[in-house]
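Asker: Have a look at this one before I ask anything.
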Amino acid sequence: MKDYGLLLKNAREARKLTQEQAAEAVGVSPDSWYAYEANKRLPAKETVNRICTALEAPWLAMYFLEAHASG
């Protein structure tokens, strides 16, 4: 199983954003963002697009959509 949380964290850190800043940019609660990075929850499919846009990381969509397909 891929570490989706680590991929998300690396993409966020590449943009030099805190978890709180990323959550605000995407429109989710900080608690949701923490859960995504901790692999406790997958973002909803609708949220994945906003994450990719906010982090300028379109490649993340492939990983999260793969996770949804296998889940």
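Every chain in the structure tokens takes a letter, A first, then B, and so on in the order presented; its residues are numbered from 1, and the ligands are numbered from 1 following the presented order.
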Excluding range 19-26 of chain A and its own-chain neighbours fewer than 5 positions away, which residues fall within 7 Å of it when counting only C-alpha atoms? Please give them as an MDAnalysis selection string.
Answerer: chainID A and resid 12 33 50:51 54
Asker: Hey, could you make a per-residue contact list for range 7-37 of chain A against range 57-63 of chain A with 9 Å as the cut-off, showing the nearest pair of atoms and its distance in Å to one decimal, counting only C-alpha atoms, sorted by chain and number, as CSV?
Answerer:
```
residue,atom,partner,partner_atom,distance
A:Leu7,CA,A:Leu60,CA,7.6
A:Leu8,CA,A:Leu60,CA,7.5
A:Ala11,CA,A:Ala57,CA,6.8
```
Asker: Report the distance between CA of Ser29 in chain A and CA of Glu66 in chain A in Å, rounded to one decimal place.
Answerer: 23.4 Å
Asker: Could you jot down the CA of Tyr36 in chain A to CA of Gly5 in chain A separation for me, Å, one decimal place?
Answerer: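 Between these atoms lies a distance of 5.7 Å.
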Asker: Which polymer residues have any atom within 12 Å of an atom of His68 in chain A, counting only C-alpha atoms, with same-chain residues fewer than 3 positions away left out, as a CSV table (one decimal) with N, CA and C atoms, in the first residue's frame?
Answerer:
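File produced: result26.csv:
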```csv
chain,number,residue,atom,x,y,z
A,4,TYR,N,0.0,7.4,1.0
A,4,TYR,CA,-0.6,8.6,0.3
A,4,TYR,C,-0.4,9.8,1.2
A,41,ARG,N,-7.6,9.0,6.7
A,41,ARG,CA,-8.8,9.2,5.8
A,41,ARG,C,-8.3,9.6,4.4
A,42,LEU,N,-9.0,9.2,3.4
A,42,LEU,CA,-8.7,9.7,2.1
A,42,LEU,C,-9.6,10.9,1.8
A,43,PRO,N,-9.1,11.9,1.1
A,43,PRO,CA,-9.9,13.0,0.7
A,43,PRO,C,-11.0,12.5,-0.3
A,44,ALA,N,-12.2,13.2,-0.2
A,44,ALA,CA,-13.2,12.9,-1.2
A,44,ALA,C,-12.7,13.2,-2.6
A,45,LYS,N,-13.3,12.5,-3.5
A,45,LYS,CA,-12.9,12.7,-4.9
A,45,LYS,C,-13.0,14.1,-5.3
A,46,GLU,N,-14.0,14.8,-4.9
A,46,GLU,CA,-14.2,16.2,-5.2
A,46,GLU,C,-13.1,17.1,-4.6
A,48,VAL,N,-9.9,16.1,-4.1
A,48,VAL,CA,-8.7,15.8,-4.7
A,48,VAL,C,-8.3,16.8,-5.7
A,61,ALA,N,-3.4,13.4,-8.2
A,61,ALA,CA,-4.8,12.9,-8.5
A,61,ALA,C,-4.7,11.4,-8.9
A,62,MET,N,-3.7,11.0,-9.6
A,62,MET,CA,-3.5,9.6,-10.0
A,62,MET,C,-3.5,8.7,-8.7
A,63,TYR,N,-2.7,9.1,-7.8
A,63,TYR,CA,-2.5,8.3,-6.6
A,63,TYR,C,-3.8,8.2,-5.7
A,64,PHE,N,-4.5,9.3,-5.6
A,64,PHE,CA,-5.7,9.3,-4.7
A,64,PHE,C,-6.8,8.6,-5.5
A,65,LEU,N,-6.9,8.8,-6.8
A,65,LEU,CA,-8.0,8.1,-7.5
A,65,LEU,C,-7.7,6.6,-7.5
A,71,GLY,N,-10.2,0.9,-2.8
A,71,GLY,CA,-10.8,1.0,-1.4
A,71,GLY,C,-12.2,0.6,-1.5
```
Asker: Quick one: pull the distance between CA of Glu56 in chain A and CA of Lys40 in chain A, Å, one decimal.
Answerer: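 Interatomic distance, CA of Glu56 in chain A to CA of Lys40 in chain A: 23.1 Å.
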Asker: Which of chain A counts as helix (DSSP H, G or I) under DSSP, as JSON, numbers by chain please?
Answerer: {"A": [4, 5, 6, 7, 8, 9, 10, 11, 12, 13, 14, 19, 20, 21, 22, 23, 24, 25, 26, 30, 31, 32, 33, 34, 35, 36, 37, 45, 46, 47, 48, 49, 50, 51, 52, 53, 54, 60, 61, 62, 63, 64, 65, 66, 67, 68, 69, 70]}
Asker: Determine the nearest neighbour of Asp3 in chain A from the options A:Ala69, A:Ala38, A:Val28, A:Cys52, counting only C-alpha atoms.
Answerer: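 Nearest to Asp3 in chain A: A:Ala38.
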Asker: Using only C-alpha atoms, which residue out of A:Ser32, A:Thr18, A:Asn39, A:Thr53 lies closest to Leu6 in chain A?
Answerer: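 Closest residue, counting only C-alpha atoms: A:Asn39.
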